[in-house]
file model.cif (mmCIF, C-alpha atoms)
data_query
#
loop_
_atom_site.label_atom_id
_atom_site.label_comp_id
_atom_site.auth_asym_id
_atom_site.auth_seq_id
_atom_site.Cartn_x
_atom_site.Cartn_y
_atom_site.Cartn_z
CA MET A 1 103.82 113.55 -97.29
CA CYS A 2 106.62 111.22 -98.14
CA ALA A 3 106.83 108.05 -96.15
CA ALA A 4 107.95 104.62 -97.10
CA GLY A 5 108.83 101.24 -95.78
CA ALA A 6 109.89 98.15 -97.65
CA ALA A 7 106.99 95.78 -98.30
CA GLY A 8 106.87 92.40 -96.75
CA GLY A 9 106.74 90.97 -93.26
CA GLY A 10 109.43 91.27 -90.58
CA ARG A 11 112.21 88.76 -90.06
CA ALA A 12 111.37 85.54 -88.25
CA VAL A 13 112.74 85.51 -84.72
CA ALA A 14 114.68 82.35 -83.87
CA ARG A 15 113.39 80.55 -80.82
CA ARG A 16 115.01 77.82 -78.85
CA LEU A 17 112.78 75.53 -76.83
CA GLY A 18 114.26 73.62 -73.96
CA ARG A 19 112.96 70.32 -72.65
CA ALA A 20 112.60 69.52 -69.02
CA GLY A 21 114.36 66.30 -68.10
CA GLU A 22 112.92 63.63 -65.89
CA ALA A 23 113.65 64.05 -62.22
CA ALA A 24 116.67 62.05 -61.18
CA GLY A 25 117.13 60.03 -58.05
CA ALA A 26 113.40 59.55 -57.25
CA THR A 27 112.71 57.45 -54.19
CA GLN A 28 111.24 54.03 -54.90
CA PRO A 29 107.56 53.50 -54.01
CA GLY A 30 107.12 52.11 -50.57
CA SER A 31 110.24 53.70 -49.12
CA ILE A 32 108.32 56.73 -47.81
CA PRO A 33 106.15 56.23 -44.71
CA ARG A 34 102.39 56.45 -45.31
CA ARG A 35 102.04 59.49 -43.07
CA SER A 36 104.70 61.38 -45.00
CA ARG A 37 103.04 60.60 -48.35
CA ARG A 38 99.69 61.88 -47.10
CA ARG A 39 101.22 65.16 -45.95
CA ARG A 40 102.97 65.58 -49.31
CA ARG A 41 99.70 65.13 -51.23
CA SER A 42 98.03 67.84 -49.15
CA VAL A 43 100.52 70.52 -50.26
CA PRO A 44 99.20 72.45 -53.28
CA ILE A 45 101.70 72.69 -56.14
CA ALA A 46 101.37 75.67 -58.44
CA TYR A 47 101.82 73.89 -61.74
CA GLU A 48 99.37 71.15 -60.74
CA SER A 49 96.50 73.55 -59.96
CA GLY A 50 95.84 74.50 -63.59
CA ASP A 51 93.18 73.68 -66.11
CA GLU A 52 92.79 70.08 -64.91
CA GLN A 53 91.35 71.31 -61.63
CA GLY A 54 89.44 74.17 -63.22
CA MET A 55 91.19 76.73 -61.06
CA SER A 56 93.19 78.64 -63.71
CA GLU A 57 92.39 82.26 -64.48
CA PRO A 58 90.95 82.43 -68.02
CA GLN A 59 93.00 84.59 -70.37
CA ARG A 60 91.18 87.53 -71.86
CA PRO A 61 91.33 87.61 -75.64
CA ARG A 62 93.36 90.51 -76.98
CA TRP A 63 91.25 93.21 -78.60
CA GLU A 64 91.43 93.42 -82.35
CA PRO A 65 89.33 95.31 -84.90
CA LYS A 66 86.42 93.70 -86.62
CA ASP A 67 87.13 92.46 -90.16
CA TRP A 68 90.70 93.76 -90.08
CA ARG A 69 92.22 90.74 -91.82
CA GLN A 70 89.75 90.96 -94.67
CA GLN A 71 90.27 94.73 -94.90
CA LEU A 72 94.03 94.22 -95.01
CA GLU A 73 93.84 91.65 -97.80
CA ARG A 74 91.65 93.94 -99.86
CA ILE A 75 94.04 96.85 -99.37
CA ARG A 76 96.88 94.60 -100.52
CA GLU A 77 94.88 93.82 -103.63
CA MET A 78 94.28 97.51 -104.31
CA ARG A 79 98.00 98.18 -103.83
CA ARG A 80 99.06 95.26 -106.00
CA ASN A 81 100.34 97.45 -108.87
CA ARG A 82 102.60 99.50 -106.61
CA ASP A 83 102.05 102.62 -108.67
CA ALA A 84 101.40 105.20 -105.95
CA PRO A 85 103.77 108.18 -105.49
CA VAL A 86 105.27 106.51 -102.44
CA ASP A 87 106.28 103.52 -104.57
CA GLU A 88 107.92 105.54 -107.32
CA MET A 89 109.35 108.51 -105.41
CA GLY A 90 109.30 107.53 -101.74
CA VAL A 91 112.24 107.81 -99.37
CA GLN A 92 113.44 104.31 -100.25
CA THR A 93 114.15 105.58 -103.78
CA CYS A 94 115.86 108.85 -102.81
CA TYR A 95 119.33 107.70 -101.75
CA ASP A 96 122.35 106.71 -103.81
CA SER A 97 122.54 102.92 -103.58
CA SER A 98 126.13 102.96 -104.86
CA ALA A 99 127.38 105.23 -102.06
CA PRO A 100 129.19 103.92 -98.94
CA PRO A 101 126.75 102.55 -96.31
CA GLU A 102 127.12 105.50 -93.94
CA VAL A 103 126.48 107.93 -96.80
CA MET A 104 123.38 105.98 -97.86
CA ARG A 105 122.07 106.07 -94.31
CA TYR A 106 122.71 109.80 -94.07
CA GLN A 107 120.84 110.37 -97.33
CA VAL A 108 117.90 108.31 -96.04
CA LEU A 109 117.70 110.44 -92.91
CA LEU A 110 117.99 113.66 -94.90
CA SER A 111 115.21 112.63 -97.28
CA LEU A 112 113.00 111.85 -94.30
CA MET A 113 113.66 115.29 -92.84
CA LEU A 114 112.76 116.90 -96.15
CA SER A 115 109.62 114.79 -96.53
CA SER A 116 107.70 116.31 -93.63
CA GLN A 117 104.66 118.24 -94.90
CA THR A 118 105.91 117.66 -98.43
CA LYS A 119 104.70 115.56 -101.34
CA ASP A 120 106.86 112.69 -102.52
CA GLN A 121 107.43 114.31 -105.90
CA VAL A 122 108.87 117.47 -104.31
CA THR A 123 111.06 115.55 -101.86
CA SER A 124 112.42 113.31 -104.61
CA ALA A 125 113.31 116.28 -106.81
CA ALA A 126 115.06 118.08 -103.93
CA MET A 127 117.07 114.97 -103.08
CA LEU A 128 118.12 114.59 -106.71
CA ARG A 129 119.42 118.17 -106.77
CA LEU A 130 121.35 117.59 -103.54
CA ARG A 131 122.86 114.36 -104.81
CA GLN A 132 124.00 116.06 -108.00
CA ARG A 133 126.22 118.23 -105.78
CA GLY A 134 127.57 115.23 -103.90
CA LEU A 135 125.38 114.69 -100.87
CA THR A 136 127.53 113.81 -97.85
CA VAL A 137 127.90 115.03 -94.29
CA ASP A 138 130.93 117.09 -95.24
CA SER A 139 129.34 118.64 -98.35
CA ILE A 140 126.35 119.85 -96.31
CA LEU A 141 128.56 121.27 -93.57
CA GLN A 142 130.58 123.17 -96.17
CA MET A 143 127.47 124.53 -97.91
CA ASP A 144 126.13 127.94 -96.84
CA ASP A 145 122.53 128.22 -95.68
CA ALA A 146 121.39 130.26 -98.68
CA THR A 147 122.65 127.68 -101.16
CA LEU A 148 121.08 124.83 -99.23
CA GLY A 149 117.79 126.69 -99.12
CA GLN A 150 117.83 127.28 -102.86
CA ILE A 151 118.47 123.59 -103.52
CA ILE A 152 115.74 122.16 -101.31
CA TYR A 153 113.08 124.77 -102.14
CA PRO A 154 110.06 124.31 -102.43
CA VAL A 155 109.84 121.58 -99.75
CA GLY A 156 107.50 122.47 -96.93
CA PHE A 157 108.97 124.72 -94.22
CA TRP A 158 112.25 124.82 -96.13
CA ARG A 159 113.75 127.60 -94.01
CA ASN A 160 113.34 125.60 -90.81
CA LYS A 161 114.66 122.51 -92.55
CA VAL A 162 117.83 124.31 -93.58
CA LYS A 163 118.47 125.04 -89.90
CA TYR A 164 117.59 121.50 -88.74
CA ILE A 165 119.65 119.85 -91.47
CA LYS A 166 122.72 121.89 -90.58
CA GLN A 167 122.33 121.25 -86.82
CA THR A 168 121.69 117.54 -87.24
CA THR A 169 124.53 117.08 -89.71
CA ALA A 170 126.96 118.77 -87.31
CA ILE A 171 125.85 116.40 -84.53
CA LEU A 172 126.29 113.37 -86.79
CA LYS A 173 129.82 114.51 -87.64
CA GLN A 174 130.84 115.20 -84.05
CA LYS A 175 129.05 112.41 -82.19
CA TYR A 176 128.54 109.58 -84.68
CA GLY A 177 131.51 109.87 -87.01
CA GLY A 178 129.34 110.94 -89.93
CA ASP A 179 126.91 108.03 -89.60
CA ILE A 180 123.38 108.13 -88.16
CA PRO A 181 122.27 106.72 -84.79
CA ARG A 182 120.96 103.18 -84.79
CA THR A 183 118.26 103.56 -82.13
CA VAL A 184 114.95 105.38 -82.18
CA GLU A 185 115.78 107.00 -78.85
CA GLU A 186 118.88 108.67 -80.30
CA LEU A 187 117.31 109.54 -83.63
CA VAL A 188 114.45 111.52 -82.13
CA GLN A 189 116.97 113.62 -80.19
CA LEU A 190 118.25 115.05 -83.48
CA PRO A 191 116.82 118.45 -84.52
CA GLY A 192 113.98 118.08 -86.99
CA VAL A 193 113.60 114.31 -86.55
CA GLY A 194 110.28 113.00 -85.24
CA PRO A 195 109.11 109.50 -84.31
CA LYS A 196 107.74 108.63 -87.76
CA MET A 197 111.07 109.57 -89.36
CA ALA A 198 112.98 107.61 -86.72
CA TYR A 199 111.03 104.39 -87.26
CA LEU A 200 111.35 104.69 -91.03
CA ALA A 201 115.07 105.41 -90.71
CA MET A 202 115.48 102.28 -88.61
CA ASN A 203 113.57 100.29 -91.20
CA ILE A 204 115.17 101.62 -94.38
CA ALA A 205 118.66 102.57 -93.21
CA TRP A 206 119.28 99.87 -90.60
CA ASP A 207 116.85 97.17 -91.77
CA SER A 208 115.42 97.04 -88.27
CA VAL A 209 111.72 97.11 -87.44
CA SER A 210 111.40 98.68 -84.00
CA GLY A 211 107.95 100.22 -84.37
CA ILE A 212 105.24 101.30 -86.78
CA ALA A 213 105.88 104.52 -88.69
CA VAL A 214 102.63 106.50 -88.51
CA ASP A 215 102.18 109.52 -90.75
CA THR A 216 98.98 111.39 -91.62
CA HIS A 217 97.85 108.66 -94.03
CA VAL A 218 98.31 105.81 -91.56
CA HIS A 219 96.74 107.91 -88.80
CA ARG A 220 93.70 108.85 -90.88
CA ILE A 221 93.05 105.39 -92.32
CA SER A 222 93.52 103.60 -88.99
CA ASN A 223 90.81 105.78 -87.51
CA ARG A 224 88.48 105.38 -90.48
CA LEU A 225 88.78 101.59 -90.39
CA LYS A 226 88.45 101.60 -86.59
CA TRP A 227 91.82 99.92 -86.25
CA VAL A 228 92.17 101.82 -82.99
CA LYS A 229 90.07 100.89 -79.97
CA LYS A 230 89.28 104.54 -79.33
CA GLU A 231 89.61 107.41 -81.76
CA THR A 232 93.09 108.88 -81.63
CA LYS A 233 94.00 112.53 -82.08
CA TYR A 234 97.72 112.29 -82.77
CA PRO A 235 99.87 109.94 -84.90
CA GLU A 236 101.89 108.84 -81.87
CA ASP A 237 98.69 107.75 -80.13
CA THR A 238 97.78 105.79 -83.26
CA ARG A 239 101.19 104.10 -83.29
CA VAL A 240 100.79 102.93 -79.70
CA ALA A 241 97.25 101.70 -80.41
CA LEU A 242 98.29 99.78 -83.54
CA GLU A 243 101.33 98.18 -81.92
CA ASP A 244 99.10 96.90 -79.12
CA TRP A 245 97.26 94.45 -81.40
CA LEU A 246 98.76 94.34 -84.90
CA PRO A 247 101.03 91.28 -85.32
CA ARG A 248 104.64 92.35 -85.34
CA ASP A 249 105.39 90.66 -88.66
CA LEU A 250 103.08 93.22 -90.31
CA TRP A 251 104.75 96.31 -88.84
CA ARG A 252 107.19 96.74 -91.72
CA GLU A 253 104.50 96.46 -94.38
CA ILE A 254 101.74 98.57 -92.88
CA ASN A 255 103.27 102.02 -93.49
CA TRP A 256 104.02 101.43 -97.15
CA LEU A 257 100.64 99.77 -97.65
CA LEU A 258 98.48 102.47 -96.05
CA VAL A 259 100.45 105.44 -97.36
CA GLY A 260 99.93 104.36 -100.97
CA PHE A 261 96.30 103.50 -100.24
CA GLY A 262 95.83 106.96 -98.77
CA GLN A 263 97.45 108.63 -101.76
CA GLN A 264 95.29 106.84 -104.32
CA THR A 265 91.98 105.82 -102.77
CA CYS A 266 91.38 106.75 -99.13
CA LEU A 267 92.08 110.44 -99.74
CA PRO A 268 92.02 113.03 -96.94
CA VAL A 269 89.13 114.87 -98.60
CA ASN A 270 86.52 113.16 -100.78
CA PRO A 271 87.83 109.60 -100.44
CA ARG A 272 87.02 107.38 -103.39
CA CYS A 273 84.80 104.99 -101.47
CA SER A 274 82.99 103.84 -104.61
CA GLU A 275 86.31 102.50 -105.93
CA CYS A 276 87.36 100.90 -102.66
CA LEU A 277 87.09 97.13 -102.22
CA ASN A 278 86.36 97.71 -98.53
CA GLN A 279 83.30 99.89 -99.04
CA ASP A 280 80.98 97.22 -97.62
CA ILE A 281 83.05 96.63 -94.44
CA CYS A 282 84.54 100.08 -93.80
CA PRO A 283 82.87 101.94 -90.92
CA ALA A 284 83.68 105.31 -92.52
CA ALA A 285 82.35 104.49 -95.99
CA LYS A 286 78.74 104.98 -94.85
CA ARG A 287 79.43 108.62 -94.10
CA HIS A 288 80.63 109.56 -97.58
#

call {"tool": "encode", "arguments": {"input": "model.cif", "output": "structure tokens"}}
result
Amino acid sequence: MCAAGAAGGGRAVARRLGRAGEAAGATQPGSIPRRSRRRRRSVPIAYESGDEQGMSEPQRPRWEPKDWRQQLERIREMRRNRDAPVDEMGVQTCYDSSAPPEVMRYQVLLSLMLSSQTKDQVTSAAMLRLRQRGLTVDSILQMDDATLGQIIYPVGFWRNKVKYIKQTTAILKQKYGGDIPRTVEELVQLPGVGPKMAYLAMNIAWDSVSGIAVDTHVHRISNRLKWVKKETKYPEDTRVALEDWLPRDLWREINWLLVGFGQQTCLPVNPRCSECLNQDICPAAKRH
């Protein structure tokens, strides 16, 4: 399955810290009657009843997987050469970088739609054939279904994808002026567009990290490494579980990292545990 995200951490979020000024107009000592001062001291003040008095509620440490930082660093080392199919033929390589921005974004979305249940090599080849015919919103709307089907074949479920591509492209033309939506909520309303595609589209097309894109590779590896508190059955459950503890500055990187790792080493069937640097700290390695 084709899935890709640009490597590297997310953008740093600017923070402004304000300083509290000293209280103005304080009454001089001695000007308040003794009785009044005693009553004032007896009133509990919220910000004074903290750690100094031992009355604060201790914060519970956020759950995080055992050894996850070490596992992550080792996966980065194994992915250092960037020679997996996702690196060479992933969605981030499928669009025409010289096209107008809205055309590039449309091509990103289309490649994501084609990538479902399809290997990167097949998706890349189909996108190349489409681009050779001039891949734009208008060119797809003018193309008959049979021709579109012939061009994208043999991507997985190509007949359904012909229908979804035509429906989605018509919506983009009518509602978004030929561009693609810039929110996950709107993207997943398009025919044939799921959450993983939406998060990747936000990342690649809009350079916005709004969530973790979880495909079968990320889902499988997260469960094998026990990066989820409880075993998850569906990719969306895995996304929610990962976003609960994984630092946000790693969200952009994690899809690209794990997809390539899953394509080369942590395979769906017969994973190459003997070649994996994490074999000594991977919970699943003992079972293979």

call {"tool": "resolve_selection", "arguments": {"input": "model.cif", "expression": "the PyMOL selection byres ((chain A and resi 63-77) around 9)", "output": "VMD selection string"}}
result
chain A and resid 60 to 62 78 to 81 225 to 229 244 to 246 257 to 258 261 276 to 278 281 to 282

call {"tool": "closest_atom_pairs", "arguments": {"input": "model.cif", "of": "segment 143-168 of chain A", "to": "segment 189-201 of chain A", "cutoff": "7 Å", "atoms": "only C-alpha atoms", "output": "Markdown table"}}
result
| residue | atom | partner | partner_atom | distance |
| --- | --- | --- | --- | --- |
| A:Tyr164 | CA | A:Pro191 | CA | 5.3 |
| A:Gln167 | CA | A:Pro191 | CA | 6.6 |
| A:Thr168 | CA | A:Pro191 | CA | 5.7 |

call {"tool": "residues_near_point", "arguments": {"input": "model.cif", "point": "(98.2, 113.0, -86.1)", "cutoff": "10 Å", "atoms": "all atoms listed in the file", "output": "list in words"}}
result
Val214, Asp215, Thr216, His217, Val218, His219, Arg220, Thr232, Lys233, Tyr234, Pro235, Glu236, Asp237, Thr238 and Arg239 of chain A

call {"tool": "closest_atom_pairs", "arguments": {"input": "model.cif", "of": "segment 137-176 of chain A", "to": "segment 108-121 of chain A", "cutoff": "10 Å", "atoms": "only C-alpha atoms", "output": "tab-separated table"}}
result
residue	atom	partner	partner_atom	distance
A:Ile152	CA	A:Leu114	CA	7.9
A:Tyr153	CA	A:Leu114	CA	9.9
A:Pro154	CA	A:Thr118	CA	8.8
A:Val155	CA	A:Thr118	CA	5.7
A:Gly156	CA	A:Thr118	CA	5.3
A:Phe157	CA	A:Gln117	CA	7.8
A:Trp158	CA	A:Leu114	CA	7.9
A:Lys161	CA	A:Leu114	CA	6.9
A:Val162	CA	A:Leu114	CA	9.3
A:Tyr164	CA	A:Met113	CA	8.4
A:Ile165	CA	A:Leu110	CA	7.3
A:Thr168	CA	A:Leu110	CA	9.3
A:Thr169	CA	A:Leu110	CA	9.0

call {"tool": "atom_distance", "arguments": {"input": "model.cif", "atom1": "atom CA of Ala241 of chain A", "atom2": "atom CA of Glu88 of chain A"}}
result
29.2 Å

call {"tool": "atom_distance", "arguments": {"input": "model.cif", "atom1": "atom CA of Leu130 of chain A", "atom2": "atom CA of Leu172 of chain A"}}
result
18.0 Å

call {"tool": "closest_residue", "arguments": {"input": "model.cif", "among": "A:Val259, A:Ala170, A:Ile204, A:Leu128", "to": "Asp87 of chain A", "atoms": "all atoms listed in the file"}}
result
A:Val259

call {"tool": "atom_distance", "arguments": {"input": "model.cif", "atom1": "atom CA of Gly262 of chain A", "atom2": "atom CA of Thr93 of chain A"}}
result
19.0 Å

call {"tool": "closest_residue", "arguments": {"input": "model.cif", "among": "A:Asn223, A:Ala146, A:Ile212, A:Ile151", "to": "Ala125 of chain A", "atoms": "all atoms listed in the file"}}
result
A:Ile151

call {"tool": "build_atoms", "arguments": {"input": "model.cif", "residues": "segment 116-134 of chain A", "atoms": "N, CA and C atoms", "output": "tab-separated table (two decimals), keeping the file's coordinate frame"}}
result
chain	number	residue	atom	x	y	z
A	116	SER	N	108.77	115.84	-94.51
A	116	SER	CA	107.70	116.31	-93.63
A	116	SER	C	106.90	117.42	-94.29
A	117	GLN	N	105.57	117.25	-94.30
A	117	GLN	CA	104.66	118.24	-94.90
A	117	GLN	C	105.01	118.52	-96.37
A	118	THR	N	105.48	117.50	-97.04
A	118	THR	CA	105.91	117.66	-98.43
A	118	THR	C	105.51	116.44	-99.26
A	119	LYS	N	105.08	116.66	-100.47
A	119	LYS	CA	104.70	115.56	-101.34
A	119	LYS	C	105.95	114.81	-101.80
A	120	ASP	N	105.74	113.53	-102.11
A	120	ASP	CA	106.86	112.69	-102.52
A	120	ASP	C	107.59	113.25	-103.74
A	121	GLN	N	106.83	113.79	-104.68
A	121	GLN	CA	107.43	114.31	-105.90
A	121	GLN	C	108.41	115.44	-105.59
A	122	VAL	N	108.03	116.31	-104.66
A	122	VAL	CA	108.87	117.47	-104.31
A	122	VAL	C	110.11	117.01	-103.55
A	123	THR	N	109.92	116.08	-102.62
A	123	THR	CA	111.06	115.55	-101.86
A	123	THR	C	112.06	114.86	-102.78
A	124	SER	N	111.55	114.04	-103.69
A	124	SER	CA	112.42	113.31	-104.61
A	124	SER	C	113.24	114.26	-105.47
A	125	ALA	N	112.61	115.31	-105.96
A	125	ALA	CA	113.31	116.28	-106.81
A	125	ALA	C	114.39	117.02	-106.01
A	126	ALA	N	114.08	117.39	-104.77
A	126	ALA	CA	115.06	118.08	-103.93
A	126	ALA	C	116.25	117.18	-103.63
A	127	MET	N	115.99	115.90	-103.35
A	127	MET	CA	117.07	114.97	-103.08
A	127	MET	C	117.95	114.77	-104.32
A	128	LEU	N	117.35	114.75	-105.48
A	128	LEU	CA	118.12	114.59	-106.71
A	128	LEU	C	119.06	115.79	-106.90
A	129	ARG	N	118.58	116.98	-106.64
A	129	ARG	CA	119.42	118.17	-106.77
A	129	ARG	C	120.57	118.15	-105.76
A	130	LEU	N	120.29	117.69	-104.54
A	130	LEU	CA	121.35	117.59	-103.54
A	130	LEU	C	122.38	116.55	-103.94
A	131	ARG	N	121.94	115.42	-104.42
A	131	ARG	CA	122.86	114.36	-104.81
A	131	ARG	C	123.73	114.77	-105.99
A	132	GLN	N	123.21	115.59	-106.85
A	132	GLN	CA	124.00	116.06	-108.00
A	132	GLN	C	125.19	116.91	-107.56
A	133	ARG	N	125.12	117.44	-106.34
A	133	ARG	CA	126.22	118.23	-105.78
A	133	ARG	C	127.10	117.39	-104.87
A	134	GLY	N	126.80	116.11	-104.78
A	134	GLY	CA	127.57	115.23	-103.90
A	134	GLY	C	127.07	115.33	-102.48
